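This report refers to the structure that appears directly beneath it.
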Amino acid sequence: QVQLVESGGGLVQAGGSLRLSCAASGRTFSGYVMVWFRQAPGKERDFVSAIRWNSGTTYYADSVKGRFTISRDNAKNTVYLQMNSLKPEDTAVYYCAANLIGPGTWRSPAMRSPSEYDYWGQGTQVTVSS
């Protein structure tokens, strides 16, 4: 049974930093893409960043490029999202998700869609005050 458990959310002032973690268990994630989404109140769940488990290749939404960094620790089966220069508009529940994504889908609109993912964590709240 696949489990994804997020942690690291909290309250931070604008300009501050947080690091989110997603601990994955229940299977081998070789070949998987691990993704962070976020959802603000009353809004849709939006793609934030993705990383290919095997190669470590990364991809970011334009809104976070240059501020957020996704990484993974294969030995710990954990994916991280380092968030710097946080803005109030980054306030949301952040979710970790995973699925097998073919090479033709990488960086595509489909990959950025929540419907593409079978496995989800419970989410962690990030609140950025102005």
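Going through the structure tokens in order, the chains are called A, B, and so on, while each chain numbers its residues from 1 and the ligands are numbered from 1 in the order shown.
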message: So that I can check the secondary structure, give me every residue of chain A assigned helix (DSSP H, G or I) by backbone DSSP, as a list in words.
response: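 Helix (DSSP H, G or I) members of chain A, listed: Asn74, Ala75, Lys76, Pro88, Glu89, Asp90, Pro114, Ser115 and Glu116 of chain A.
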Writing out the chosen residues with N, CA, C and O atoms as a PDB file, in the first residue's frame:
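After the write, part-v1.pdb holds the following:
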ATOM      1  N   ASN A  74      17.037   9.253  -2.440  1.00  0.00           N
ATOM      2  CA  ASN A  74      16.606   7.892  -2.768  1.00  0.00           C
ATOM      3  C   ASN A  74      16.738   6.957  -1.571  1.00  0.00           C
ATOM      4  O   ASN A  74      15.893   6.090  -1.354  1.00  0.00           O
ATOM      5  N   ALA A  75      17.786   7.141  -0.786  1.00  0.00           N
ATOM      6  CA  ALA A  75      18.018   6.259   0.363  1.00  0.00           C
ATOM      7  C   ALA A  75      16.919   6.390   1.407  1.00  0.00           C
ATOM      8  O   ALA A  75      16.567   5.430   2.078  1.00  0.00           O
ATOM      9  N   LYS A  76      16.373   7.601   1.526  1.00  0.00           N
ATOM     10  CA  LYS A  76      15.321   7.849   2.516  1.00  0.00           C
ATOM     11  C   LYS A  76      13.933   7.777   1.898  1.00  0.00           C
ATOM     12  O   LYS A  76      12.936   7.973   2.601  1.00  0.00           O
ATOM     13  N   PRO A  88       2.921  35.986   0.032  1.00  0.00           N
ATOM     14  CA  PRO A  88       1.569  35.658   0.532  1.00  0.00           C
ATOM     15  C   PRO A  88       0.773  34.801  -0.450  1.00  0.00           C
ATOM     16  O   PRO A  88      -0.005  33.945  -0.015  1.00  0.00           O
ATOM     17  N   GLU A  89       0.978  34.975  -1.731  1.00  0.00           N
ATOM     18  CA  GLU A  89       0.245  34.180  -2.716  1.00  0.00           C
ATOM     19  C   GLU A  89       0.700  32.719  -2.783  1.00  0.00           C
ATOM     20  O   GLU A  89       0.095  31.911  -3.490  1.00  0.00           O
ATOM     21  N   ASP A  90       1.750  32.379  -2.049  1.00  0.00           N
ATOM     22  CA  ASP A  90       2.161  30.981  -1.937  1.00  0.00           C
ATOM     23  C   ASP A  90       1.345  30.242  -0.868  1.00  0.00           C
ATOM     24  O   ASP A  90       1.481  29.020  -0.723  1.00  0.00           O
ATOM     25  N   PRO A 114      -3.865  17.297 -11.847  1.00  0.00           N
ATOM     26  CA  PRO A 114      -4.029  16.399 -10.690  1.00  0.00           C
ATOM     27  C   PRO A 114      -4.648  15.053 -11.057  1.00  0.00           C
ATOM     28  O   PRO A 114      -4.370  14.044 -10.400  1.00  0.00           O
ATOM     29  N   SER A 115      -5.448  15.012 -12.106  1.00  0.00           N
ATOM     30  CA  SER A 115      -6.122  13.769 -12.481  1.00  0.00           C
ATOM     31  C   SER A 115      -5.158  12.701 -12.977  1.00  0.00           C
ATOM     32  O   SER A 115      -5.526  11.532 -13.100  1.00  0.00           O
ATOM     33  N   GLU A 116      -3.915  13.099 -13.246  1.00  0.00           N
ATOM     34  CA  GLU A 116      -2.921  12.165 -13.762  1.00  0.00           C
ATOM     35  C   GLU A 116      -2.336  11.289 -12.652  1.00  0.00           C
ATOM     36  O   GLU A 116      -1.657  10.306 -12.940  1.00  0.00           O
TER      37      GLU A 116
END
task: Could you give me the residues within stretch 71-123 of chain A that DSSP places in strand (DSSP E), as a PyMOL selection string?
output: chain A and resi 71-73+78-83+92-100+119-120
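For A:Pro103, the list of residues within 12 Å, based on only C-alpha atoms and with local chain neighbours fewer than 6 positions off taken out, reads Gly31, Tyr32, Val33, Arg52, Ser55, Thr57, Ala110 and Met111 of chain A.
Once A:Met34 and its same-chain neighbours fewer than 3 positions away are set aside, Phe29, Ser49, Ala50, Ile51, Arg52, Trp53, Arg72, Val79, Cys96, Ala97, Ala98, Asn99 and Leu100 of chain A remain within 9 Å of it when counting only C-alpha atoms.
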message: Would you compute the distance between atom CA of A:Ser30 and atom CA of A:Asn84? Give it in Å to one decimal.
response: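 These two atoms are separated by 28.3 Å.
Residues in contact with A:Ser108 at up to 12 Å, not including ones fewer than 5 positions away on its chain and judged by only C-alpha atoms, are Phe47, Ala50, Tyr59, Tyr60, Ala61, Ile101, Gly102, Pro103, Ser113 and Glu116 of chain A.
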message: For a test of reading the model, state the distance in Å between atom CA of A:Ile70 and atom CA of A:Ser130, rounded to one decimal.
response: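 So the answer is 24.4 Å.
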- request: Quote the spacing between atom CA of A:Ala40 and atom CA of A:Tyr94 in Å to one decimal place.
  value: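 Interatomic distance, atom CA of A:Ala40 to atom CA of A:Tyr94: 8.8 Å.
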field: Using only C-alpha atoms: which of A:Thr91, A:Gln1, A:Asn54, A:Thr124 has the shortest distance to A:Asp73
entry: A:Asn54
task: Would you kindly return, as a PyMOL selection string, each protein, DNA or RNA residue with an atom no farther than 9 Å from any atom of A:Pro41, considering only C-alpha atoms and excluding same-chain residues fewer than 3 positions away?
output: chain A and resi 44+92-93
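Candidate residues A:Gln13, A:Thr127, A:Thr58, A:Gln3 were compared for distance to A:Ser85, and the nearest is A:Gln13, using only C-alpha atoms.
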field: For A:Arg67: contacts at 8 Å, only C-alpha atoms, fewer than 2 positions along chain excluded, given as a ChimeraX atom specification
entry: /A:64-65,69,83-86
Can you spit out the residues from that selection as a PDB file, in the first residue's frame, using N, CA, C and O atoms?
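Below is the file part_33.pdb, written as the result:
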ATOM      1  N   VAL A  64       6.902  29.646  -9.488  1.00  0.00           N
ATOM      2  CA  VAL A  64       7.840  29.318  -8.411  1.00  0.00           C
ATOM      3  C   VAL A  64       9.274  29.164  -8.898  1.00  0.00           C
ATOM      4  O   VAL A  64      10.187  28.997  -8.088  1.00  0.00           O
ATOM      5  N   LYS A  65       9.462  29.252 -10.199  1.00  0.00           N
ATOM      6  CA  LYS A  65      10.798  29.048 -10.764  1.00  0.00           C
ATOM      7  C   LYS A  65      11.770  30.086 -10.184  1.00  0.00           C
ATOM      8  O   LYS A  65      11.457  31.270 -10.121  1.00  0.00           O
ATOM      9  N   THR A  69      12.934  24.785  -4.942  1.00  0.00           N
ATOM     10  CA  THR A  69      13.807  23.729  -5.445  1.00  0.00           C
ATOM     11  C   THR A  69      13.286  22.379  -4.980  1.00  0.00           C
ATOM     12  O   THR A  69      13.099  22.173  -3.773  1.00  0.00           O
ATOM     13  N   MET A  83      11.453  25.988  -0.253  1.00  0.00           N
ATOM     14  CA  MET A  83      10.731  27.168  -0.700  1.00  0.00           C
ATOM     15  C   MET A  83      11.378  28.404  -0.099  1.00  0.00           C
ATOM     16  O   MET A  83      11.382  28.570   1.130  1.00  0.00           O
ATOM     17  N   ASN A  84      11.943  29.238  -0.943  1.00  0.00           N
ATOM     18  CA  ASN A  84      12.589  30.476  -0.512  1.00  0.00           C
ATOM     19  C   ASN A  84      11.831  31.684  -1.046  1.00  0.00           C
ATOM     20  O   ASN A  84      11.012  31.563  -1.958  1.00  0.00           O
ATOM     21  N   SER A  85      12.115  32.833  -0.483  1.00  0.00           N
ATOM     22  CA  SER A  85      11.488  34.088  -0.914  1.00  0.00           C
ATOM     23  C   SER A  85       9.974  33.929  -1.009  1.00  0.00           C
ATOM     24  O   SER A  85       9.343  34.318  -2.000  1.00  0.00           O
ATOM     25  N   LEU A  86       9.396  33.374   0.024  1.00  0.00           N
ATOM     26  CA  LEU A  86       7.966  33.092   0.015  1.00  0.00           C
ATOM     27  C   LEU A  86       7.140  34.373  -0.039  1.00  0.00           C
ATOM     28  O   LEU A  86       7.520  35.411   0.525  1.00  0.00           O
TER      29      LEU A  86
END
